[in-house]
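Text of structure_32.json (JSON, C-alpha atoms) as supplied:
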```
[["chain", "number", "residue", "atom", "x", "y", "z"],
["A", 9, "MET", "CA", -12.83, 3.57, -28.09],
["A", 10, "GLN", "CA", -10.57, 3.43, -25.05],
["A", 11, "THR", "CA", -9.66, 6.24, -22.70],
["A", 12, "ARG", "CA", -6.72, 8.40, -23.71],
["A", 13, "ALA", "CA", -5.81, 9.01, -20.07],
["A", 14, "PRO", "CA", -2.89, 6.52, -19.84],
["A", 15, "GLU", "CA", -1.15, 7.96, -22.91],
["A", 16, "GLU", "CA", -1.80, 11.63, -22.09],
["A", 17, "PRO", "CA", -2.17, 11.74, -18.29],
["A", 18, "GLU", "CA", -1.57, 15.49, -18.05],
["A", 19, "VAL", "CA", -4.79, 16.42, -19.92],
["A", 20, "ARG", "CA", -7.36, 17.87, -17.51],
["A", 21, "GLU", "CA", -9.87, 19.50, -19.90],
["A", 22, "PHE", "CA", -11.13, 18.41, -23.31],
["A", 23, "SER", "CA", -14.05, 18.73, -25.74],
["A", 24, "ALA", "CA", -15.83, 15.71, -27.20],
["A", 25, "GLU", "CA", -18.97, 14.81, -29.11],
["A", 26, "VAL", "CA", -21.73, 12.91, -27.33],
["A", 27, "VAL", "CA", -22.45, 9.62, -29.13],
["A", 28, "GLY", "CA", -24.81, 8.04, -26.61],
["A", 29, "VAL", "CA", -27.08, 8.98, -23.69],
["A", 30, "ASP", "CA", -28.92, 6.34, -21.67],
["A", 31, "ASP", "CA", -30.49, 7.97, -18.63],
["A", 32, "ARG", "CA", -27.39, 9.03, -16.62],
["A", 33, "THR", "CA", -24.89, 7.01, -18.70],
["A", 34, "VAL", "CA", -23.02, 8.96, -21.39],
["A", 35, "THR", "CA", -20.59, 7.83, -24.07],
["A", 36, "LEU", "CA", -18.33, 10.16, -26.07],
["A", 37, "ASP", "CA", -16.44, 9.90, -29.33],
["A", 38, "HIS", "CA", -13.27, 10.10, -27.18],
["A", 39, "THR", "CA", -12.47, 10.70, -23.54],
["A", 40, "TYR", "CA", -9.63, 11.50, -21.17],
["A", 41, "PHE", "CA", -11.45, 10.20, -18.10],
["A", 42, "TYR", "CA", -9.71, 7.15, -16.66],
["A", 43, "ALA", "CA", -12.08, 4.17, -16.38],
["A", 44, "GLU", "CA", -11.70, 2.12, -13.20],
["A", 45, "SER", "CA", -9.39, -0.85, -13.79],
["A", 46, "GLY", "CA", -6.36, -2.67, -12.51],
["A", 47, "GLY", "CA", -6.74, -1.38, -8.95],
["A", 48, "GLN", "CA", -6.83, 2.30, -9.98],
["A", 49, "PRO", "CA", -10.14, 4.08, -9.30],
["A", 50, "ALA", "CA", -12.07, 6.04, -11.90],
["A", 51, "ASP", "CA", -11.35, 9.70, -12.43],
["A", 52, "ARG", "CA", -13.53, 12.34, -10.85],
["A", 53, "GLY", "CA", -14.71, 15.47, -12.63],
["A", 54, "THR", "CA", -17.56, 16.93, -14.67],
["A", 55, "LEU", "CA", -19.17, 16.81, -18.14],
["A", 56, "ASP", "CA", -20.60, 20.21, -19.01],
["A", 57, "GLY", "CA", -20.77, 21.00, -15.31],
["A", 58, "THR", "CA", -22.53, 17.79, -14.24],
["A", 59, "ARG", "CA", -20.55, 15.66, -11.80],
["A", 60, "VAL", "CA", -19.20, 12.36, -13.13],
["A", 61, "ALA", "CA", -20.04, 9.74, -10.51],
["A", 62, "ASP", "CA", -18.30, 6.77, -12.13],
["A", 63, "VAL", "CA", -16.36, 5.74, -15.24],
["A", 64, "GLN", "CA", -16.29, 2.12, -16.46],
["A", 65, "LYS", "CA", -15.08, 0.31, -19.57],
["A", 66, "GLY", "CA", -17.59, -1.31, -21.87],
["A", 67, "GLU", "CA", -16.79, -3.75, -24.65],
["A", 68, "GLU", "CA", -16.04, -0.97, -27.12],
["A", 69, "THR", "CA", -16.80, 2.24, -25.22],
["A", 70, "VAL", "CA", -16.13, 4.08, -22.00],
["A", 71, "ARG", "CA", -19.30, 4.70, -19.96],
["A", 72, "HIS", "CA", -19.50, 7.90, -17.93],
["A", 73, "THR", "CA", -22.19, 7.69, -15.24],
["A", 74, "LEU", "CA", -23.30, 11.16, -14.18],
["A", 75, "ALA", "CA", -24.72, 12.20, -10.83],
["A", 76, "SER", "CA", -27.92, 13.35, -12.59],
["A", 77, "VAL", "CA", -29.57, 13.07, -16.00],
["A", 78, "PRO", "CA", -27.70, 15.43, -18.36],
["A", 79, "GLU", "CA", -29.32, 18.31, -20.25],
["A", 80, "PHE", "CA", -27.23, 17.66, -23.36],
["A", 81, "ASP", "CA", -28.03, 15.01, -26.00],
["A", 82, "VAL", "CA", -26.46, 12.93, -28.75],
["A", 83, "GLY", "CA", -24.58, 15.09, -31.25],
["A", 84, "ASP", "CA", -23.81, 17.86, -28.76],
["A", 85, "THR", "CA", -20.25, 18.88, -28.00],
["A", 86, "VAL", "CA", -19.47, 18.84, -24.29],
["A", 87, "THR", "CA", -16.53, 19.87, -22.14],
["A", 88, "GLY", "CA", -14.97, 17.34, -19.82],
["A", 89, "VAL", "CA", -13.04, 18.57, -16.79],
["A", 90, "ILE", "CA", -11.00, 16.08, -14.80],
["A", 91, "ASP", "CA", -10.42, 16.66, -11.09],
["A", 92, "ASP", "CA", -6.75, 17.65, -11.02],
["A", 93, "ASP", "CA", -6.08, 16.80, -7.36],
["A", 94, "PHE", "CA", -7.46, 13.27, -7.60],
["A", 95, "ARG", "CA", -5.86, 12.46, -10.97],
["A", 96, "THR", "CA", -2.49, 13.74, -9.73],
["A", 97, "TYR", "CA", -2.82, 11.68, -6.56],
["A", 98, "CYS", "CA", -3.59, 8.52, -8.57],
["A", 99, "MET", "CA", -0.67, 9.15, -10.95],
["A", 100, "ARG", "CA", 1.73, 9.55, -8.05],
["A", 101, "ALA", "CA", 0.30, 6.60, -6.11],
["A", 102, "HIS", "CA", 0.32, 4.27, -9.12],
["A", 103, "THR", "CA", 3.90, 5.15, -10.03],
["A", 104, "ALA", "CA", 4.92, 4.71, -6.40],
["A", 105, "SER", "CA", 3.60, 1.14, -6.51],
["A", 106, "HIS", "CA", 5.97, 0.42, -9.41],
["A", 107, "VAL", "CA", 8.87, 1.96, -7.50],
["A", 108, "LEU", "CA", 8.03, -0.18, -4.45],
["A", 109, "TYR", "CA", 7.92, -3.29, -6.64],
["A", 110, "GLY", "CA", 11.33, -2.32, -8.03],
["A", 111, "ALA", "CA", 12.62, -2.18, -4.47],
["A", 112, "GLY", "CA", 11.12, -5.63, -3.95],
["A", 113, "ARG", "CA", 13.09, -6.91, -6.94],
["A", 114, "ARG", "CA", 16.26, -6.05, -5.04],
["A", 115, "LEU", "CA", 15.25, -7.47, -1.66],
["A", 116, "LEU", "CA", 12.86, -10.38, -2.17],
["A", 117, "GLU", "CA", 13.35, -13.87, -3.55],
["A", 118, "ASP", "CA", 11.02, -15.57, -6.07],
["A", 119, "LEU", "CA", 9.18, -12.29, -6.51],
["A", 120, "GLY", "CA", 5.82, -12.10, -8.24],
["A", 121, "TYR", "CA", 3.11, -9.47, -8.53],
["A", 122, "GLY", "CA", -0.13, -10.42, -6.77],
["A", 123, "GLY", "CA", -2.31, -7.31, -6.85],
["A", 124, "PHE", "CA", -2.60, -3.58, -6.39],
["A", 125, "ASP", "CA", -5.17, -1.05, -5.17],
["A", 126, "ILE", "CA", -5.43, 2.69, -4.60],
["A", 127, "SER", "CA", -7.69, 4.17, -1.94],
["A", 128, "GLY", "CA", -7.92, 7.75, -0.73],
["A", 129, "GLU", "CA", -5.83, 7.08, 2.37],
["A", 130, "LYS", "CA", -3.35, 4.41, 1.32],
["A", 131, "VAL", "CA", -2.10, 2.15, -1.45],
["A", 132, "ARG", "CA", -1.44, -1.57, -1.31],
["A", 133, "VAL", "CA", 0.84, -3.84, -3.30],
["A", 134, "ASP", "CA", 0.60, -7.63, -2.94],
["A", 135, "PHE", "CA", 3.82, -9.57, -3.39],
["A", 136, "THR", "CA", 4.24, -13.27, -3.96],
["A", 137, "THR", "CA", 7.62, -14.13, -2.46],
["A", 138, "SER", "CA", 9.39, -16.77, -0.42],
["A", 139, "THR", "CA", 11.11, -14.03, 1.60],
["A", 140, "ASP", "CA", 9.73, -13.21, 5.04],
["A", 141, "ILE", "CA", 9.07, -9.46, 4.95],
["A", 142, "ASP", "CA", 10.07, -8.68, 8.53],
["A", 143, "ASP", "CA", 10.42, -5.22, 10.10],
["A", 144, "GLU", "CA", 13.95, -4.75, 8.80],
["A", 145, "THR", "CA", 12.92, -5.64, 5.25],
["A", 146, "LEU", "CA", 9.90, -3.33, 5.47],
["A", 147, "VAL", "CA", 12.12, -0.41, 6.50],
["A", 148, "GLU", "CA", 14.54, -1.19, 3.67],
["A", 149, "LEU", "CA", 11.66, -1.26, 1.15],
["A", 150, "GLU", "CA", 10.71, 2.23, 2.28],
["A", 151, "ARG", "CA", 14.30, 3.47, 2.15],
["A", 152, "LEU", "CA", 14.92, 2.18, -1.38],
["A", 153, "THR", "CA", 11.58, 3.55, -2.58],
["A", 154, "ASN", "CA", 12.25, 7.05, -1.28],
["A", 155, "ARG", "CA", 15.81, 6.97, -2.58],
["A", 156, "THR", "CA", 14.46, 6.20, -6.05],
["A", 157, "VAL", "CA", 12.05, 9.13, -5.74],
["A", 158, "TRP", "CA", 15.00, 11.34, -4.83],
["A", 159, "ASP", "CA", 17.07, 10.00, -7.73],
["A", 160, "SER", "CA", 14.57, 11.58, -10.17],
["A", 161, "ARG", "CA", 14.38, 8.63, -12.54],
["A", 162, "GLY", "CA", 12.48, 9.11, -15.77],
["A", 163, "VAL", "CA", 9.20, 7.25, -16.31],
["A", 164, "GLY", "CA", 8.07, 6.33, -19.82],
["A", 165, "TRP", "CA", 5.57, 4.06, -21.53],
["A", 166, "GLU", "CA", 5.14, 2.45, -24.92],
["A", 167, "ALA", "CA", 3.13, -0.24, -26.71],
["A", 168, "VAL", "CA", 5.18, -3.40, -27.27],
["A", 169, "PRO", "CA", 4.10, -6.43, -29.35],
["A", 170, "THR", "CA", 2.51, -8.95, -26.99],
["A", 171, "GLU", "CA", 4.80, -11.79, -28.04],
["A", 172, "GLU", "CA", 7.87, -9.63, -27.43],
["A", 173, "ALA", "CA", 6.60, -8.37, -24.05],
["A", 174, "THR", "CA", 5.72, -11.82, -22.70],
["A", 175, "ALA", "CA", 9.12, -13.14, -23.74],
["A", 176, "ARG", "CA", 10.95, -10.54, -21.66],
["A", 177, "GLU", "CA", 12.04, -11.69, -18.20],
["A", 178, "ASP", "CA", 12.32, -8.13, -16.87],
["A", 179, "VAL", "CA", 8.62, -7.26, -17.34],
["A", 180, "ALA", "CA", 6.33, -7.69, -14.32],
["A", 181, "PHE", "CA", 2.90, -9.03, -15.29],
["A", 182, "ASN", "CA", -0.28, -9.40, -13.31],
["A", 183, "THR", "CA", -2.91, -10.51, -15.80],
["A", 184, "LYS", "CA", -5.54, -11.00, -13.06],
["A", 185, "THR", "CA", -5.74, -7.42, -11.81],
["A", 186, "GLU", "CA", -4.22, -5.38, -14.64],
["A", 187, "GLU", "CA", -7.42, -5.45, -16.65],
["A", 188, "GLY", "CA", -6.96, -4.35, -20.21],
["A", 189, "VAL", "CA", -3.21, -4.88, -20.31],
["A", 190, "MET", "CA", -3.50, -8.08, -22.32],
["A", 191, "ASP", "CA", -7.09, -8.77, -23.43],
["A", 192, "ASP", "CA", -5.90, -10.67, -26.52],
["A", 193, "ALA", "CA", -4.42, -7.43, -27.87],
["A", 194, "ASP", "CA", -1.60, -7.35, -30.37],
["A", 195, "THR", "CA", 0.40, -5.04, -28.11],
["A", 196, "VAL", "CA", 1.05, -4.62, -24.39],
["A", 197, "ARG", "CA", 1.57, -1.26, -22.74],
["A", 198, "ILE", "CA", 4.89, -1.29, -20.88],
["A", 199, "VAL", "CA", 5.75, 1.27, -18.19],
["A", 200, "ASP", "CA", 9.48, 1.71, -17.67],
["A", 201, "ILE", "CA", 11.11, 3.46, -14.70],
["A", 202, "ASP", "CA", 14.62, 4.14, -15.93],
["A", 203, "GLY", "CA", 16.99, 1.51, -14.56],
["A", 204, "TRP", "CA", 14.60, 0.48, -11.81],
["A", 205, "ASP", "CA", 11.41, -1.35, -12.88],
["A", 206, "VAL", "CA", 9.53, -2.49, -15.97],
["A", 207, "ALA", "CA", 5.89, -3.58, -15.84],
["A", 208, "ALA", "CA", 2.86, -4.18, -18.04],
["A", 209, "CYS", "CA", 0.36, -1.58, -16.89],
["A", 210, "GLY", "CA", -2.62, 0.36, -18.22],
["A", 211, "GLY", "CA", -2.73, 3.08, -15.54],
["A", 212, "THR", "CA", -1.74, 6.73, -15.39],
["A", 213, "HIS", "CA", 1.75, 7.69, -14.23],
["A", 214, "VAL", "CA", 3.98, 10.67, -13.61],
["A", 215, "SER", "CA", 6.89, 11.28, -15.98],
["A", 216, "ASN", "CA", 9.58, 11.39, -13.30],
["A", 217, "THR", "CA", 9.84, 9.69, -9.90],
["A", 218, "ARG", "CA", 10.52, 13.02, -8.17],
["A", 219, "GLU", "CA", 6.87, 13.93, -8.79],
["A", 220, "ILE", "CA", 5.76, 11.14, -6.42],
["A", 221, "GLY", "CA", 6.94, 12.89, -3.28],
["A", 222, "PRO", "CA", 7.62, 11.12, 0.03],
["A", 223, "VAL", "CA", 6.41, 7.56, 0.50],
["A", 224, "THR", "CA", 5.53, 6.27, 3.98],
["A", 225, "VAL", "CA", 5.34, 2.49, 4.32],
["A", 226, "LEU", "CA", 2.63, 1.68, 6.87],
["A", 227, "ASP", "CA", 2.50, -2.06, 7.48],
["A", 228, "ARG", "CA", 2.40, -5.53, 5.97],
["A", 229, "SER", "CA", -0.07, -8.39, 6.29],
["A", 230, "ASN", "CA", -0.90, -11.77, 4.77],
["A", 231, "PRO", "CA", -4.24, -11.54, 2.91],
["A", 232, "GLY", "CA", -3.99, -15.03, 1.44],
["A", 233, "GLU", "CA", -1.77, -18.03, 1.02],
["A", 234, "GLY", "CA", 1.50, -17.07, -0.61],
["A", 235, "LEU", "CA", 0.77, -13.32, -0.53],
["A", 236, "THR", "CA", 2.35, -10.54, 1.49],
["A", 237, "ARG", "CA", 0.55, -7.20, 1.38],
["A", 238, "VAL", "CA", 2.54, -4.01, 1.86],
["A", 239, "GLU", "CA", 0.57, -0.81, 2.46],
["A", 240, "PHE", "CA", 1.95, 2.68, 2.02],
["A", 241, "ALA", "CA", 0.79, 6.28, 1.80],
["A", 242, "VAL", "CA", 1.76, 9.12, -0.54],
["A", 243, "GLY", "CA", 0.87, 12.80, -0.72],
["A", 244, "PRO", "CA", -0.77, 14.61, 2.23],
["A", 245, "SER", "CA", -1.78, 11.32, 3.82],
["A", 246, "GLY", "CA", 1.79, 10.04, 3.70],
["A", 247, "ILE", "CA", 3.18, 13.31, 5.04],
["A", 248, "ASP", "CA", 0.66, 13.36, 7.91],
["A", 249, "ARG", "CA", 1.31, 9.72, 8.82],
["A", 250, "GLY", "CA", 5.06, 10.30, 8.75],
["A", 251, "ALA", "CA", 4.64, 13.31, 11.04],
["A", 252, "ASP", "CA", 2.42, 11.30, 13.41],
["A", 253, "ARG", "CA", 5.03, 8.55, 13.54],
["A", 254, "HIS", "CA", 7.80, 11.08, 14.25],
["A", 255, "ARG", "CA", 5.71, 12.68, 17.00],
["A", 256, "ALA", "CA", 5.02, 9.29, 18.60],
["A", 257, "LEU", "CA", 8.72, 8.42, 18.56],
["A", 258, "ARG", "CA", 9.67, 11.70, 20.23],
["A", 259, "GLU", "CA", 6.94, 11.39, 22.86],
["A", 260, "THR", "CA", 8.03, 7.83, 23.62],
["A", 261, "ALA", "CA", 11.67, 8.89, 23.86],
["A", 262, "ALA", "CA", 10.72, 11.70, 26.27],
["A", 263, "ALA", "CA", 8.69, 9.30, 28.43],
["A", 264, "LEU", "CA", 11.68, 6.96, 28.63],
["A", 265, "GLU", "CA", 14.06, 9.89, 29.30],
["A", 266, "THR", "CA", 16.20, 9.20, 26.26],
["A", 267, "ASN", "CA", 16.50, 10.45, 22.66],
["A", 268, "VAL", "CA", 15.10, 9.04, 19.43],
["A", 269, "ASP", "CA", 18.47, 7.67, 18.27],
["A", 270, "ASP", "CA", 18.86, 5.64, 21.49],
["A", 271, "LEU", "CA", 15.20, 4.66, 21.75],
["A", 272, "ALA", "CA", 15.57, 1.07, 20.55],
["A", 273, "GLU", "CA", 18.55, 0.43, 22.85],
["A", 274, "THR", "CA", 16.72, 1.98, 25.81],
["A", 275, "ALA", "CA", 13.57, -0.04, 25.15],
["A", 276, "ALA", "CA", 15.63, -3.25, 24.92],
["A", 277, "ALA", "CA", 17.36, -2.43, 28.22],
["A", 278, "ILE", "CA", 14.00, -1.78, 29.90],
["A", 279, "ARG", "CA", 12.64, -5.08, 28.61],
["A", 280, "THR", "CA", 15.69, -6.92, 29.92],
["A", 281, "GLU", "CA", 15.31, -5.20, 33.31],
["A", 282, "ARG", "CA", 11.61, -6.11, 33.37],
["A", 283, "ASP", "CA", 12.37, -9.76, 32.60],
["A", 284, "ASP", "CA", 15.01, -9.83, 35.36],
["A", 285, "LEU", "CA", 12.58, -8.29, 37.85],
["A", 286, "GLU", "CA", 9.86, -10.78, 36.91],
["A", 287, "ALA", "CA", 12.33, -13.64, 37.44],
["A", 288, "ARG", "CA", 13.35, -12.23, 40.83],
["A", 289, "VAL", "CA", 9.72, -11.85, 41.86],
["A", 290, "ARG", "CA", 9.02, -15.46, 40.93],
["A", 291, "ASP", "CA", 12.03, -16.61, 42.96],
["A", 292, "LEU", "CA", 10.91, -14.57, 45.97],
["A", 293, "GLU", "CA", 7.36, -15.92, 45.70],
["A", 294, "ARG", "CA", 8.66, -19.49, 45.62],
["A", 295, "ALA", "CA", 10.89, -18.80, 48.65],
["A", 296, "ALA", "CA", 8.00, -17.20, 50.55],
["A", 297, "VAL", "CA", 5.74, -20.16, 49.83],
["A", 298, "SER", "CA", 8.45, -22.58, 50.95],
["A", 299, "ASP", "CA", 9.00, -20.65, 54.22],
["A", 300, "ALA", "CA", 5.26, -20.50, 54.87],
["A", 301, "ILE", "CA", 4.86, -24.24, 54.33],
["A", 302, "ASP", "CA", 7.72, -24.92, 56.74],
["A", 303, "ASP", "CA", 5.71, -23.13, 59.46],
["A", 304, "PHE", "CA", 2.56, -25.20, 58.88],
["A", 305, "GLU", "CA", 1.40, -27.76, 61.45],
["A", 306, "THR", "CA", 2.65, -31.26, 60.71],
["A", 307, "VAL", "CA", 0.05, -34.02, 60.90],
["A", 308, "THR", "CA", 0.97, -37.70, 60.57],
["A", 309, "ARG", "CA", -1.49, -40.30, 59.38],
["A", 310, "GLY", "CA", -0.04, -43.76, 59.24],
["A", 311, "ASP", "CA", 3.23, -43.60, 57.34],
["A", 312, "THR", "CA", 2.37, -40.27, 55.65],
["A", 313, "SER", "CA", 3.05, -36.80, 57.05],
["A", 314, "TRP", "CA", 0.99, -33.77, 56.01],
["A", 315, "ARG", "CA", 1.45, -30.05, 56.55],
["A", 316, "LEU", "CA", -1.78, -28.17, 57.16],
["A", 317, "GLY", "CA", -2.17, -24.43, 56.68],
["A", 318, "VAL", "CA", -3.50, -21.62, 54.53],
["A", 319, "LEU", "CA", -1.51, -19.59, 51.99],
["A", 320, "ASP", "CA", -2.89, -16.08, 51.53],
["A", 321, "GLY", "CA", -2.20, -13.94, 48.48],
["A", 322, "VAL", "CA", -0.74, -16.73, 46.33],
["A", 323, "ASP", "CA", -2.24, -17.39, 42.90],
["A", 324, "PRO", "CA", -3.18, -21.04, 42.33]]
```

Write the structure described by the file as structure tokens, please.
Amino acid sequence: MQTRAPEEPEVREFSAEVVGVDDRTVTLDHTYFYAESGGQPADRGTLDGTRVADVQKGEETVRHTLASVPEFDVGDTVTGVIDDDFRTYCMRAHTASHVLYGAGRRLLEDLGYGGFDISGEKVRVDFTTSTDIDDETLVELERLTNRTVWDSRGVGWEAVPTEEATAREDVAFNTKTEEGVMDDADTVRIVDIDGWDVAACGGTHVSNTREIGPVTVLDRSNPGEGLTRVEFAVGPSGIDRGADRHRALRETAAALETNVDDLAETAAAIRTERDDLEARVRDLERAAVSDAIDDFETVTRGDTSWRLGVLDGVDP
């Protein structure tokens, strides 16, 4: 029995029969709790009012670990309630990662999918690519991602025969981190963002990109050879980070007595002026040292003349 969450991600409350209780671990005849896999964390929520601390996949079951030993037993019918805020956040974040990868398809060469992870504050996508993801590319990734959100593209999913799915060049696969997508199954679950991206994925997703909301790309790094990690934020975290960035830009522009639109040009001009001043200072220091040496006492020993004196305030 696998979780029904990926196929019916909008379900937040359900009833199920208890088929196993082992201390705090509970199994049900069916569940809508998402079990941690593929970089997406487990759902939060309750079973008959007891907090669900963790959800993991077993060989044939989904194991719900509760915060305390339950009062119910095998054969009882229980009510599962899934934390709406966290599930919605994960759906939006996971779909956003597909949209970002779709943007990568349009900007990056030799693109491959190297990993994915959702945390409470940010999301990461690891690319394998021969393209250097510089600042300009990072900004363009963010622009294309948010444009796709605005375009309100439909998101759908279906089970496709494994042989057919693996033969398709348009499907992004990551068999290392997308646990459960392959697993020697006869079919592969394909998530399709209309006209933008197609990927094998077992996570939960929104049905339209407009549900994602604004995406704020934070930074990139190199976690390993051949990988470039791009981190971004969605939801309240993304909105807050975007506001912080806007505030910092405006404060910097005010400090430099310019406006945000001219900030880059002003900063470049200041850097050029600084470099010119540093060069002038170096020239003046060299001239001062030369003048000071000219005033030193000349001492001749044999065929060699020496100037003797002390230079104050000159770095060695």

Legend entry - Polymer residues at most 12 Å from Arg249 (chain A), only C-alpha atoms, same-chain spacing of 4 or more positions, as a VMD selection string: chain A and resid 129 to 130 222 to 227 240 to 245 253 to 256

Inset, instruction - Go through A:Ala275, A:Ala207, A:Leu235, A:Thr58 one by one, measure the shortest atom-to-atom distance of each to Val133 (chain A) using only C-alpha atoms, and give the residue with the smallest value. - result: A:Leu235

Legend entry - Between CA of Phe124 (chain A) and CA of Asp51 (chain A), distance in Å (one decimal):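 Here the two named atoms are 17.0 Å from each other.
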
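With all atoms listed in the file taken into account, the protein and nucleic acid residues at most 12 Å from Asp299 (chain A) (excluding it and anything under 6 positions from it in its own chain) are A:Leu292, A:Glu293, A:Leu319.
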
Within 8 Å of Lys65 (chain A), counting all atoms listed in the file, which residues show up once you throw out same-chain ones fewer than 5 positions away? Write them as a PDB file with C-alpha atoms, in the frame of the given file, please.
```pdb
ATOM      1  CA  GLN A  10     -10.570   3.430 -25.050  1.00  0.00           C
ATOM      2  CA  ALA A  43     -12.080   4.170 -16.380  1.00  0.00           C
ATOM      3  CA  GLU A  44     -11.700   2.120 -13.200  1.00  0.00           C
ATOM      4  CA  VAL A  70     -16.130   4.080 -22.000  1.00  0.00           C
ATOM      5  CA  ARG A  71     -19.300   4.700 -19.960  1.00  0.00           C
TER       6      ARG A  71
END
```

Legend entry - Atomic distance CA of Thr54 (chain A) - CA of Pro14 (chain A), expressed in Å with one decimal: 18.7 Å

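The residue that comes closest to Thr103 (chain A), out of A:Glu286, A:Asp200, A:Asp248, A:Asp311 and on the basis of all atoms listed in the file, is A:Asp200.
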
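Going from CA of Ser23 (chain A) to CA of Phe41 (chain A) covers 11.7 Å.
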
Inset, instruction - Find the residue from A:Ile201, A:Met99, A:Ala175, A:Ala111 that sits nearest to Val147 (chain A); use only C-alpha atoms when measuring. - result: A:Ala111

Which neighbours of Thr170 (chain A) fall inside 7 Å, counting all atoms listed in the file, when residues of the same chain fewer than 5 positions from it are skipped, and could you give them as a PDB file with C-alpha atoms, in the coordinates of the input?
```
ATOM      1  CA  ASP A 194      -1.600  -7.350 -30.370  1.00  0.00           C
ATOM      2  CA  THR A 195       0.400  -5.040 -28.110  1.00  0.00           C
ATOM      3  CA  VAL A 196       1.050  -4.620 -24.390  1.00  0.00           C
TER       4      VAL A 196
END
```

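Among the candidate residues A:Glu166, A:Glu281, A:Asp291, A:Glu117, the one lying nearest to Thr136 (chain A) is A:Glu117, with distances computed using only C-alpha atoms.
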